[in-house]
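Asker: Take this structure first; my questions come after.
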Number of protein chains: 2
Amino acid sequence: MSDLTNNAVIARDSSRLMAVLDTETKNKALLAISEALIANKDSIFAANEIDLVEAEKDGLDMPLFKRLKFDDHKLSDVTSGIKSLIGLEDPVGRIALHTKLDDDLDLYRVTCPIGVIGIIFESRPDALVQIATLCVKSGNAVFLKGGREALNTNKVLSEVIYSAGVGAGLPEGWLHLLESREDVTAMLSLNDYIDLIIPRGSNSFVQYIMKNTSIPVMGHADGVCHVYIDDDCDEELALKVAIDSKTQYVSVCNATETILINRARKNTLFPKLVEELKNKNVEIFFEEDVEEWHHEYLDYKVSIKFVDSLDEAISHINKYSSGHTDCIITRDGAKAEKFMNSVDSGNVMHNCSTRFSDGFRYGFGAEVGISTSKLHARGPVGLEGLVTYKYKVYGHGNIVDDYATGRKTFKHIKCNI
Amino acid sequence: MSDLTNNAVIARDSSRLMAVLDTETKNKALLAISEALIANKDSIFAANEIDLVEAEKDGLDMPLFKRLKFDDHKLSDVTSGIKSLIGLEDPVGRIALHTKLDDDLDLYRVTCPIGVIGIIFESRPDALVQIATLCVKSGNAVFLKGGREALNTNKVLSEVIYSAGVGAGLPEGWLHLLESREDVTAMLSLNDYIDLIIPRGSNSFVQYIMKNTSIPVMGHADGVCHVYIDDDCDEELALKVAIDSKTQYVSVCNATETILINRARKNTLFPKLVEELKNKNVEIFFEEDVEEWHHEYLDYKVSIKFVDSLDEAISHINKYSSGHTDCIITRDGAKAEKFMNSVDSGNVMHNCSTRFSDGFRYGFGAEVGISTSKLHARGPVGLEGLVTYKYKVYGHGNIVDDYATGRKTFKHIKCNI
């Protein structure tokens, strides 16, 4: 058995123990992790310094360099994140359904952890802390693989977090850091031990993972987001929302990449929109210049297309959107409702910026990613996406034969929960 | 483009229209389907007769032959099934969350159809009717592939159902019947058009499907179910539940295959259990005779093993169970709770038969299958498992920049729903 498989077996065993931890133990572990991060900050920062020097040698872009940096400011962010996580309700053990099948036979649907989760994430060390602590609160064991640029930082962070967790009552083997791409490849075949893989990255990366594993995948992929401006719109509102959607922060997945505008507004709103975008230094690609509508610029660039109707807008979006976030600007509530029901995306907005689609802004607390998959969890995924459920039936010697032969009849009384 | 791909493109377009159907139209379509089945019963029975004659020539087993038969009795079953489906609440458009992000900015989580679902099922023509009508009510387009023994029946049934549905307002292309194994293989690569595959069949079949597609799979696989009899048990109750779990109906996935018995009951309960099983003509395989603990007999056969503790029982079950249904018999509530939280199965029972784990007995109405997958839907899957959700945000020109710069602050007021 390879080292990785062996670690997966241990993680699976560990996940059984994680599943029965009480809320108090999990919160105690989170507090211990937070304190250990502060106590070990010098060695964390020192490891991060090595990564930063390497990154500088490799000529890493400034935005990526900033994301890689783990300093007092980031430490303070993650510890306050842990504090708010401690305050959140335990996602495990929630009762979603209670039916009295008969007077002495009770059915419950109860949330429970998923088991072992494999998460592949970008070169942002604070993401490691967020993900690991979300897994603690949701009672899952976790395999972590971060970007290679952050390897030294991630090693120290994961050691500190793992040890503090075990010291506070988490079972051995609850967290394991993968260090190489070969480990990721090997992990994809561990379907007997790993229950869910969450890849964060480009669409092609998520597709690659999906094509190379039979483990369920919850993809956090591209955002090719759209704003459709209807003929029946408030022009001032349309301008404000479109500009914010495109320019408020361009390098993120919920920034808009394509603006569809009803041709009826060609002579009125359109010139104003172009002027505003140019004022914000946005390069515009008109219909004739666009080679690929399914393209994520992540930059001060936007595609613009005229459409003749709401239906054309919906068709275009369903063809080219990545299913992340799409917006309609209209004064007509019925049109908005048609758009929001027909557009097959995780987040659909009416008269507000696409930039709102985010776990923090939605009030979900920390998030493990934004799912562009349609099943299990969709849109911003917090603690709820890290649990599944099971059915529990409590009886008193009840047998099916009594019901099959008609001696007894099911009552199926729905109970309040 | 192959015919199948072309049909998938049409199904995807159709699914966008299915998603916005109102409840009344869907119920009208269901009623029309029910009436059309009755009106066309002669041609359905004639087609079924051809399948039955072929099956007899091929020497099909009597139980399979019975399942293949579609007569007045089965017709009456499916039409009364449709009647109750019409009476169920529409699973689409249910609001699961409402948060006021700010005074004029509302977030809702709303259920919506999954899109296009591919379902592969056994040689039971009534299953085709159940699945197709569940898809209508949940607003999904559907690709259906039934067992080859039922092909003639399935062709007529699907034509009748499809036409009646379209006549009552369902969009063209909402249902498509696959006829060959090659079509199934081809379907597995249509990840741009199909959102979910539900294979019903053996564990190895479900595994095969999972390994050969990047489309999400909701498996309906083997039931290797267990009853664990604790040392602290009521012997009469234990006997009753164990016998029902094993013998009430042996050829189904929720019948028990292994009984684990605490060694403390070796001289008291154990001989009585053996005697009762023998009275019911159950062949017993003791520990030394069992070659493969992960084995589904689907017959009057059972494996029996002594364990020394609750922990040993839990370990055995987590190693060999298929994650379908497992039961503990004990008088000790704390032990029951530990078992039910630690055993990683979709259904866990305390002091009642494993045979209860079933959509009808749980009061869910018709079911599309019993999921042994852990994500999205687990256990018996009815209408709820055929929908996902999206986030809808309703604003009045709200932009993120106001919140990013501190001019406004999120309120995140949870609203009652």
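Scheme for the structure tokens: letters A, B, ... for chains in order shown; per-chain residue numbers from 1; ligand numbers from 1 in order shown.
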Can you tell me, as a ChimeraX atom specification, which residues in region 17-118 of chain A count as helix (DSSP H, G or I) by DSSP?

Answerer: /A:17-18,23-39,41-57,62-68,72-87

Asker: Quick one: which residues from chain B are at most 6 Å off chain A, using only C-alpha atoms, as a PyMOL selection string?

Answerer: chain B and resi 16+210-211+214+237+241+244+342+346-353+363+375-376+390-399+412

Asker: Would you list the contacts of Leu75 (chain B) as a list in words, taking every protein, DNA or RNA residue within 9 Å and counting only C-alpha atoms, but skipping same-chain residues closer than 5 positions in sequence?

Answerer: Leu37, Ile38, Lys41, Phe70, Ser80 and Asp126 of chain B

Asker: Grab the residues selected above and save them as a CSV table (one decimal), in the first residue's frame with N, CA, C and O atoms.

Answerer:
chain,number,residue,atom,x,y,z
B,37,LEU,N,-52.7,6.4,-21.3
B,37,LEU,CA,-52.3,5.1,-21.0
B,37,LEU,C,-53.5,4.1,-21.0
B,37,LEU,O,-53.4,3.0,-21.5
B,38,ILE,N,-54.6,4.6,-20.4
B,38,ILE,CA,-55.8,3.8,-20.4
B,38,ILE,C,-56.4,3.7,-21.8
B,38,ILE,O,-56.7,2.6,-22.2
B,41,LYS,N,-54.4,1.1,-23.9
B,41,LYS,CA,-53.9,-0.1,-23.2
B,41,LYS,C,-53.8,-1.3,-24.1
B,41,LYS,O,-52.9,-2.1,-23.9
B,70,PHE,N,-46.9,-6.4,-18.1
B,70,PHE,CA,-47.6,-5.2,-17.9
B,70,PHE,C,-49.1,-5.4,-18.3
B,70,PHE,O,-49.5,-5.5,-19.5
B,80,SER,N,-52.9,5.0,-10.6
B,80,SER,CA,-53.2,5.5,-9.3
B,80,SER,C,-51.9,6.2,-8.7
B,80,SER,O,-52.0,7.1,-8.0
B,126,ASP,N,-43.4,-0.7,-15.7
B,126,ASP,CA,-44.1,0.3,-14.8
B,126,ASP,C,-43.1,1.3,-14.3
B,126,ASP,O,-43.4,2.4,-14.0

Asker: If you measure from CA of Pro171 (chain A) to CA of Asn154 (chain A), what distance in Å do you get, rounded to one decimal?

Answerer: 20.6 Å

Asker: Taking the DSSP secondary structure from the backbone, can you list the residues of region 294-402 of chain A that are strand (DSSP E or B), as a PyMOL selection string?

Answerer: chain A and resi 301-307+325-329+347-352+369-371+379-381+387-398

Asker: If you count only C-alpha atoms, which residues fall within 10 Å of Tyr297 (chain A), apart from same-chain ones fewer than 2 positions away, as a PyMOL selection string?

Answerer: chain A and resi 223-224+250-253+255-258+294-295+299-303

Asker: Compare B:Lys69, B:Lys408, B:Lys266, B:Arg12 by their minimum atom-to-atom distance to Gly118 (chain B), counting only C-alpha atoms, and give me the closest one.

Answerer: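 Closest to Gly118 (chain B) of all the choices is B:Arg12.
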
Asker: In Å, how far is it from CA of Ala132 (chain B) to CA of Ile161 (chain B)?

Answerer: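 Here the two named atoms are 8.0 Å from each other.
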